[in-house]
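Undergrad: Sharing structure_17.txt, compact mmCIF, C-alpha atoms:
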# COMPACT_ATOMS: atom_id res chain seq x y z
CA MET A 1 107.31 100.02 67.96
CA THR A 2 110.67 99.33 69.60
CA TYR A 3 110.95 96.91 72.51
CA ASN A 4 111.79 99.78 74.90
CA GLU A 5 108.65 101.68 73.85
CA TRP A 6 106.58 98.52 74.18
CA ARG A 7 108.04 97.81 77.63
CA ASP A 8 107.40 101.40 78.84
CA GLU A 9 103.78 101.21 77.70
CA LEU A 10 103.43 97.83 79.39
CA ASN A 11 104.87 99.32 82.60
CA SER A 12 102.34 102.18 82.45
CA ASN A 13 99.53 99.58 82.32
CA LEU A 14 100.75 97.96 85.53
CA LEU A 15 100.10 100.89 87.90
CA CYS A 16 97.40 99.06 89.87
CA VAL A 17 99.54 96.05 90.79
CA SER A 18 102.19 95.55 93.43
CA ASP A 19 105.86 96.26 92.73
CA ALA A 20 106.61 92.53 92.95
CA GLU A 21 103.97 91.68 90.32
CA ARG A 22 105.17 94.49 88.04
CA ARG A 23 108.78 93.30 88.33
CA ARG A 24 107.71 89.70 87.60
CA VAL A 25 105.87 90.69 84.43
CA LEU A 26 108.68 92.95 83.18
CA ASP A 27 111.28 90.26 83.91
CA TYR A 28 109.20 87.68 82.05
CA TYR A 29 109.02 89.81 78.91
CA ALA A 30 112.68 90.83 79.14
CA GLU A 31 113.68 87.17 79.24
CA ALA A 32 111.27 86.25 76.44
CA TYR A 33 112.60 89.14 74.33
CA ALA A 34 116.23 88.06 74.88
CA ASP A 35 115.43 84.44 73.98
CA ARG A 36 113.66 85.43 70.77
CA ARG A 37 116.46 87.78 69.75
CA GLU A 38 118.90 84.91 70.16
CA ALA A 39 116.61 82.78 67.98
CA GLY A 40 116.96 85.36 65.19
CA PHE A 41 113.69 87.31 65.39
CA SER A 42 113.73 91.05 64.72
CA GLU A 43 112.67 93.56 67.37
CA ARG A 44 109.50 94.39 65.40
CA GLU A 45 108.54 90.71 65.01
CA ILE A 46 108.95 90.15 68.74
CA THR A 47 106.87 93.16 69.84
CA ASP A 48 104.18 92.27 67.27
CA GLY A 49 104.18 88.73 68.64
CA PHE A 50 103.75 90.00 72.19
CA GLY A 51 100.59 91.89 71.12
CA ALA A 52 99.30 95.18 72.58
CA PRO A 53 101.04 96.01 75.89
CA TYR A 54 97.76 96.32 77.80
CA ASP A 55 96.47 92.95 76.54
CA ALA A 56 99.81 91.32 77.25
CA ALA A 57 99.82 92.67 80.80
CA GLN A 58 96.33 91.31 81.46
CA ARG A 59 97.13 87.88 80.06
CA ILE A 60 100.33 87.41 82.05
CA LEU A 61 98.94 88.77 85.33
CA ASN A 62 96.03 86.33 85.24
CA GLU A 63 98.20 83.23 85.13
CA LYS A 64 99.95 81.57 88.03
CA VAL A 65 103.72 82.03 88.21
CA GLU A 66 104.28 78.30 87.75
CA GLU A 67 102.09 78.13 84.66
CA THR A 68 103.82 81.14 83.13
CA GLU A 69 107.29 79.67 83.62
CA GLN A 70 106.18 76.28 82.31
CA ILE A 71 104.66 77.77 79.16
CA HIS A 72 107.76 79.90 78.60
CA GLU A 73 110.01 76.81 78.74
CA GLN A 74 107.77 74.76 76.44
CA LYS A 75 107.26 77.40 73.74
CA GLN A 76 110.79 78.55 72.91
CA PRO A 77 111.05 79.48 69.20
CA GLU A 78 113.46 77.22 67.34
CA LYS A 79 113.62 78.78 63.88
CA LYS A 80 112.97 82.15 62.35
CA SER A 81 110.05 81.04 60.20
CA GLU A 82 107.87 80.26 63.24
CA PRO A 83 105.72 83.07 64.59
CA ALA A 84 106.74 84.30 68.03
CA PRO A 85 104.63 82.59 70.70
CA LYS A 86 102.31 84.72 72.74
CA PRO A 87 101.93 84.49 76.50
CA PRO A 88 99.01 82.42 77.80
CA GLU A 89 95.66 83.32 76.26
CA LYS A 90 93.59 82.57 79.37
CA VAL A 91 92.00 85.83 80.49
CA LYS A 92 90.40 86.28 83.86
CA SER A 93 89.11 89.49 85.42
CA GLY A 94 92.29 91.54 85.83
CA ARG A 95 93.11 94.80 87.51
CA GLY A 96 92.87 97.76 85.18
CA TRP A 97 90.75 100.86 84.89
CA GLY A 98 87.87 99.04 86.55
CA PHE A 99 90.03 98.43 89.63
CA ALA A 100 91.02 102.11 89.78
CA ILE A 101 87.38 103.24 89.47
CA ALA A 102 86.34 100.76 92.17
CA CYS A 103 89.03 102.19 94.49
CA ILE A 104 87.72 105.72 93.90
CA ILE A 105 84.10 104.63 94.49
CA LEU A 106 85.08 102.89 97.73
CA CYS A 107 86.90 106.02 98.94
CA ILE A 108 83.72 108.14 98.67
CA PRO A 109 81.94 106.46 101.65
CA ILE A 110 85.12 106.70 103.73
CA PHE A 111 85.38 110.42 102.95
CA ALA A 112 81.67 110.88 103.77
CA LEU A 113 82.18 109.03 107.07
CA VAL A 114 85.11 111.26 108.04
CA VAL A 115 83.13 114.43 107.17
CA THR A 116 80.13 113.15 109.17
CA MET A 117 82.32 112.36 112.17
CA ALA A 118 83.90 115.82 111.96
CA ALA A 119 80.42 117.39 111.91
CA ILE A 120 79.32 115.30 114.91
CA THR A 121 82.49 116.26 116.79
CA PHE A 122 81.83 119.95 116.05
CA ALA A 123 78.24 119.55 117.29
CA PHE A 124 79.45 117.80 120.46
CA CYS A 125 81.87 120.66 121.16
CA ILE A 126 79.51 123.54 120.38
CA THR A 127 76.39 122.17 122.14
CA PRO A 128 77.61 122.53 125.76
CA VAL A 129 79.08 125.95 124.96
CA ALA A 130 75.70 127.07 123.56
CA ILE A 131 73.84 125.66 126.59
CA ILE A 132 76.22 127.37 129.04
CA GLY A 133 75.87 130.61 127.07
CA GLY A 134 72.06 130.31 127.15
CA GLY A 135 72.12 129.74 130.90
CA ALA A 136 74.36 132.77 131.43
CA VAL A 137 72.05 134.95 129.30
CA ALA A 138 68.99 133.72 131.25
CA MET A 139 70.72 134.54 134.55
CA GLY A 140 71.68 138.00 133.27
CA SER A 141 68.12 138.73 132.12
CA SER A 142 66.79 137.60 135.50
CA VAL A 143 68.93 140.22 137.23
CA VAL A 144 67.57 142.87 134.86
CA LEU A 145 63.99 141.70 135.57
CA MET A 146 64.53 141.82 139.35
CA ILE A 147 66.03 145.32 139.13
CA GLY A 148 63.03 146.33 137.00
CA GLY A 149 60.66 145.27 139.78
CA ASP A 150 59.45 141.88 138.51
CA VAL A 151 61.12 139.83 141.25
CA THR A 152 59.00 136.69 140.87
CA TYR A 153 59.60 136.31 137.14
CA GLY A 154 63.26 137.30 137.69
CA LEU A 155 63.72 134.48 140.25
CA TYR A 156 61.97 132.06 137.86
CA ASN A 157 64.41 133.07 135.08
CA LEU A 158 67.36 132.84 137.49
CA GLY A 159 66.39 129.25 138.42
CA GLY A 160 65.99 128.28 134.76
CA GLY A 161 69.35 129.89 133.93
CA LEU A 162 71.11 128.03 136.74
CA ILE A 163 69.63 124.69 135.62
CA THR A 164 70.63 125.36 132.01
CA LEU A 165 74.14 126.39 133.09
CA GLY A 166 74.47 123.20 135.17
CA VAL A 167 73.30 121.00 132.30
CA GLY A 168 75.87 122.63 130.00
CA ILE A 169 78.68 122.13 132.51
CA ILE A 170 77.70 118.46 133.00
CA LEU A 171 77.41 117.81 129.25
CA PHE A 172 80.77 119.39 128.38
CA PRO A 173 83.08 116.57 129.65
CA LEU A 174 80.53 113.90 128.71
CA LEU A 175 80.31 114.99 125.07
CA TYR A 176 84.08 115.51 124.90
CA LYS A 177 84.64 111.91 126.06
CA LEU A 178 82.00 110.66 123.63
CA ALA A 179 83.69 112.44 120.68
CA SER A 180 87.10 111.14 121.79
CA LEU A 181 85.73 107.57 122.03
CA MET A 182 84.14 107.88 118.58
CA TRP A 183 87.48 108.88 116.99
CA ARG A 184 89.38 106.12 118.85
CA LEU A 185 86.93 103.52 117.56
CA PHE A 186 87.22 104.92 114.04
CA ARG A 187 91.03 104.76 114.25
CA LYS A 188 90.90 101.14 115.48
CA LEU A 189 88.50 100.20 112.68
CA PHE A 190 90.67 101.91 110.09
CA ASN A 191 93.84 100.26 111.45
CA ALA A 192 92.16 96.84 111.53
CA PHE A 193 91.03 97.28 107.92
CA GLY A 194 94.56 98.39 106.91
CA ASN A 195 96.16 95.40 108.67
CA LYS A 196 93.70 93.04 106.97
CA GLU A 197 94.55 94.52 103.55
CA SER A 198 98.32 94.26 104.16
CA ALA A 199 97.92 90.62 105.25
CA VAL A 200 96.26 89.84 101.90
Written as structure tokens, how would this file's structure read?
TA:
Amino acid sequence: MTYNEWRDELNSNLLCVSDAERRRVLDYYAEAYADRREAGFSEREITDGFGAPYDAAQRILNEKVEETEQIHEQKQPEKKSEPAPKPPEKVKSGRGWGFAIACIILCIPIFALVVTMAAITFAFCITPVAIIGGGAVAMGSSVVLMIGGDVTYGLYNLGGGLITLGVGIILFPLLYKLASLMWRLFRKLFNAFGNKESAV
């Protein structure tokens, strides 16, 4: 494997890290490669010494920047017969496929929350319309009952229709404000979470 192929594969294993971290790792290996070439190692010996790109990425990302630079300075190859030194062997839990899967799993509740809020908003909007419609139908049927001769039951239906219509009219702005408040709170929560993540 050529160094360019090795570097490209390494870069593809760094998709879950920040641009600054990716640049730091790539710069580290570019410098190490240049130093080892000057020491007389072949391209194949150097890439074999680095190990698999994924493993190399995990090792280097799990070390502090100071430790990495210190190890690099202390382990410069001096002659061709020495094997190329590997980056630090200390492995901690790094970001890889597990991190990507965790991100996807955490997005599912957020998506479910947004869908639930959309359903609640739809219910808030349709409920007063349905109540007003029911009141209007009750009032219309009361007129038909009164024309048909059943005045008492028609007046009873008319009163019920007016009450229902009034409840719908009162609920309409109340539910609209409640839905608007719910979305404002969600936006504030989402923005606060985003600001907390960017601060980290």
Undergrad: Identify which of the residues A:Glu9, A:Ala32, A:Leu26, A:Ile110 lies closest to Phe190 (chain A), counting only C-alpha atoms when measuring atom-to-atom distances.
TA: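 Smallest separation from Phe190 (chain A) among the options: A:Ile110.
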Undergrad: What is the distance, in Å and to one decimal place, between CA of Leu158 (chain A) and CA of Pro173 (chain A)?
TA: 23.9 Å
Undergrad: Can you measure CA of Arg22 (chain A) to CA of Tyr54 (chain A) for me? One decimal in Å is fine.
TA: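 Going from CA of Arg22 (chain A) over to CA of Tyr54 (chain A) covers 12.8 Å.
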Undergrad: Counting all atoms listed in the file, figure out which residue out of A:Phe111, A:Tyr153, A:Tyr29, A:Phe124 gets nearest to Ser180 (chain A).
TA: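 Looking at the shortest contact to Ser180 (chain A), the residue is A:Phe124.
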Undergrad: To one decimal place in Å, what is the distance between CA of Phe122 (chain A) and CA of Leu175 (chain A)?
TA: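 Between these atoms lies a distance of 10.4 Å.
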Undergrad: Point out the residue among A:Asn157, A:Asn11, A:Arg23, A:Pro53 with the least atom-to-atom distance to Val144 (chain A), counting only C-alpha atoms.
TA: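 Among the listed residues, the smallest separation from Val144 (chain A) belongs to A:Asn157.
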Undergrad: Could you give me, as a list in words, the residues within 8 Å of Val143 (chain A), counting only C-alpha atoms and dropping anything in the same chain fewer than 4 positions from it?
TA: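 Once the adjacent positions are removed, what remains is Met139, Ile147, Gly154 and Leu158 of chain A.
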Undergrad: Quick one: residues within 10 Å of Phe186 (chain A), only C-alpha atoms counted, chain neighbours fewer than 4 positions away excluded, as number ranges by chain?
TA: A: 113-114, 117, 180-182, 190-192
Undergrad: For Ile131 (chain A), which residue among A:Asn4, A:Thr164, A:Gln58, A:Ser42 is the nearest when counting all atoms listed in the file?
TA: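 So, comparing all the options, the nearest one is A:Thr164.
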Undergrad: Out of A:Cys107, A:Val25, A:Ala102, A:Ala130, which residue has the shortest atom-to-atom distance to Arg59 (chain A) when counting only C-alpha atoms?
TA: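 Nearest candidate to Arg59 (chain A) out of A:Cys107, A:Val25, A:Ala102, A:Ala130: A:Val25.
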Undergrad: Could you give me, as a VMD selection string, the residues within 12 Å of Ser142 (chain A), counting only C-alpha atoms and dropping anything in the same chain fewer than 4 positions from it?
TA: chain A and resid 135 to 138 146 to 162
Undergrad: Between A:Leu145, A:Ala118, A:Ala57, A:Ile101, which is the closest to Ser12 (chain A) once you count all atoms listed in the file?
TA: A:Ala57
Undergrad: Where atoms are missing, can you supply all heavy atoms for region 178-189 of chain A and output the lot as a short mmCIF file (atom, residue, chain, number, x, y, z; two decimals), in the coordinates of the input?
TA:
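Once everything was written out, this is rebuild23.cif:
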data_model
loop_
_atom_site.label_atom_id
_atom_site.label_comp_id
_atom_site.auth_asym_id
_atom_site.auth_seq_id
_atom_site.Cartn_x
_atom_site.Cartn_y
_atom_site.Cartn_z
N LEU A 178 82.72 111.39 124.67
CA LEU A 178 82.00 110.66 123.63
C LEU A 178 82.65 110.89 122.25
O LEU A 178 82.85 109.95 121.49
CB LEU A 178 80.54 111.10 123.61
CG LEU A 178 79.56 110.24 122.82
CD1 LEU A 178 79.57 108.81 123.32
CD2 LEU A 178 78.17 110.83 122.90
N ALA A 179 83.02 112.14 121.96
CA ALA A 179 83.69 112.44 120.68
C ALA A 179 85.06 111.76 120.62
O ALA A 179 85.45 111.20 119.59
CB ALA A 179 83.85 113.95 120.52
N SER A 180 85.79 111.78 121.74
CA SER A 180 87.10 111.14 121.79
C SER A 180 86.97 109.63 121.58
O SER A 180 87.74 109.02 120.83
CB SER A 180 87.75 111.43 123.14
OG SER A 180 88.98 110.77 123.26
N LEU A 181 85.97 109.01 122.20
CA LEU A 181 85.73 107.57 122.03
C LEU A 181 85.37 107.25 120.58
O LEU A 181 85.86 106.27 120.02
CB LEU A 181 84.60 107.13 122.97
CG LEU A 181 84.15 105.68 122.82
CD1 LEU A 181 85.26 104.73 123.24
CD2 LEU A 181 82.89 105.43 123.65
N MET A 182 84.54 108.09 119.97
CA MET A 182 84.14 107.88 118.58
C MET A 182 85.36 107.87 117.66
O MET A 182 85.51 107.01 116.80
CB MET A 182 83.16 108.98 118.17
CG MET A 182 82.67 108.89 116.75
SD MET A 182 81.51 110.23 116.35
CE MET A 182 82.59 111.64 116.38
N TRP A 183 86.28 108.81 117.84
CA TRP A 183 87.48 108.88 116.99
C TRP A 183 88.43 107.72 117.27
O TRP A 183 89.08 107.22 116.36
CB TRP A 183 88.19 110.23 117.17
CG TRP A 183 87.50 111.30 116.40
CD1 TRP A 183 86.67 112.26 116.89
CD2 TRP A 183 87.54 111.51 114.98
NE1 TRP A 183 86.20 113.06 115.88
CE2 TRP A 183 86.72 112.62 114.69
CE3 TRP A 183 88.17 110.87 113.92
CZ2 TRP A 183 86.54 113.10 113.41
CZ3 TRP A 183 87.98 111.35 112.64
CH2 TRP A 183 87.17 112.45 112.38
N ARG A 184 88.53 107.29 118.54
CA ARG A 184 89.38 106.12 118.85
C ARG A 184 88.85 104.86 118.17
O ARG A 184 89.62 104.08 117.62
CB ARG A 184 89.46 105.91 120.37
CG ARG A 184 90.54 106.73 121.04
CD ARG A 184 90.92 106.17 122.40
NE ARG A 184 89.78 105.96 123.28
CZ ARG A 184 89.29 106.85 124.12
NH1 ARG A 184 89.83 108.04 124.21
NH2 ARG A 184 88.26 106.57 124.88
N LEU A 185 87.52 104.68 118.22
CA LEU A 185 86.93 103.52 117.56
C LEU A 185 87.13 103.57 116.06
O LEU A 185 87.42 102.56 115.42
CB LEU A 185 85.43 103.45 117.88
CG LEU A 185 85.07 103.06 119.32
CD1 LEU A 185 83.57 103.16 119.54
CD2 LEU A 185 85.55 101.65 119.63
N PHE A 186 87.00 104.77 115.48
CA PHE A 186 87.22 104.92 114.04
C PHE A 186 88.66 104.58 113.68
O PHE A 186 88.93 103.89 112.70
CB PHE A 186 86.88 106.35 113.61
CG PHE A 186 87.16 106.61 112.16
CD1 PHE A 186 86.34 106.09 111.18
CD2 PHE A 186 88.25 107.37 111.77
CE1 PHE A 186 86.59 106.32 109.85
CE2 PHE A 186 88.51 107.60 110.44
CZ PHE A 186 87.68 107.08 109.47
N ARG A 187 89.61 105.05 114.50
CA ARG A 187 91.03 104.76 114.25
C ARG A 187 91.31 103.26 114.34
O ARG A 187 92.02 102.70 113.51
CB ARG A 187 91.89 105.53 115.25
CG ARG A 187 93.35 105.62 114.85
CD ARG A 187 94.18 106.49 115.80
NE ARG A 187 93.52 107.73 116.14
CZ ARG A 187 93.30 108.13 117.38
NH1 ARG A 187 93.66 107.40 118.41
NH2 ARG A 187 92.69 109.26 117.62
N LYS A 188 90.71 102.59 115.35
CA LYS A 188 90.90 101.14 115.48
C LYS A 188 90.32 100.40 114.29
O LYS A 188 90.92 99.47 113.76
CB LYS A 188 90.25 100.63 116.77
CG LYS A 188 91.04 100.94 118.02
CD LYS A 188 90.38 100.36 119.24
CE LYS A 188 91.18 100.69 120.48
NZ LYS A 188 90.56 100.18 121.70
N LEU A 189 89.13 100.82 113.85
CA LEU A 189 88.50 100.20 112.68
C LEU A 189 89.35 100.40 111.44
O LEU A 189 89.59 99.46 110.67
CB LEU A 189 87.10 100.79 112.48
CG LEU A 189 86.34 100.30 111.25
CD1 LEU A 189 85.95 98.84 111.44
CD2 LEU A 189 85.11 101.14 111.02
#
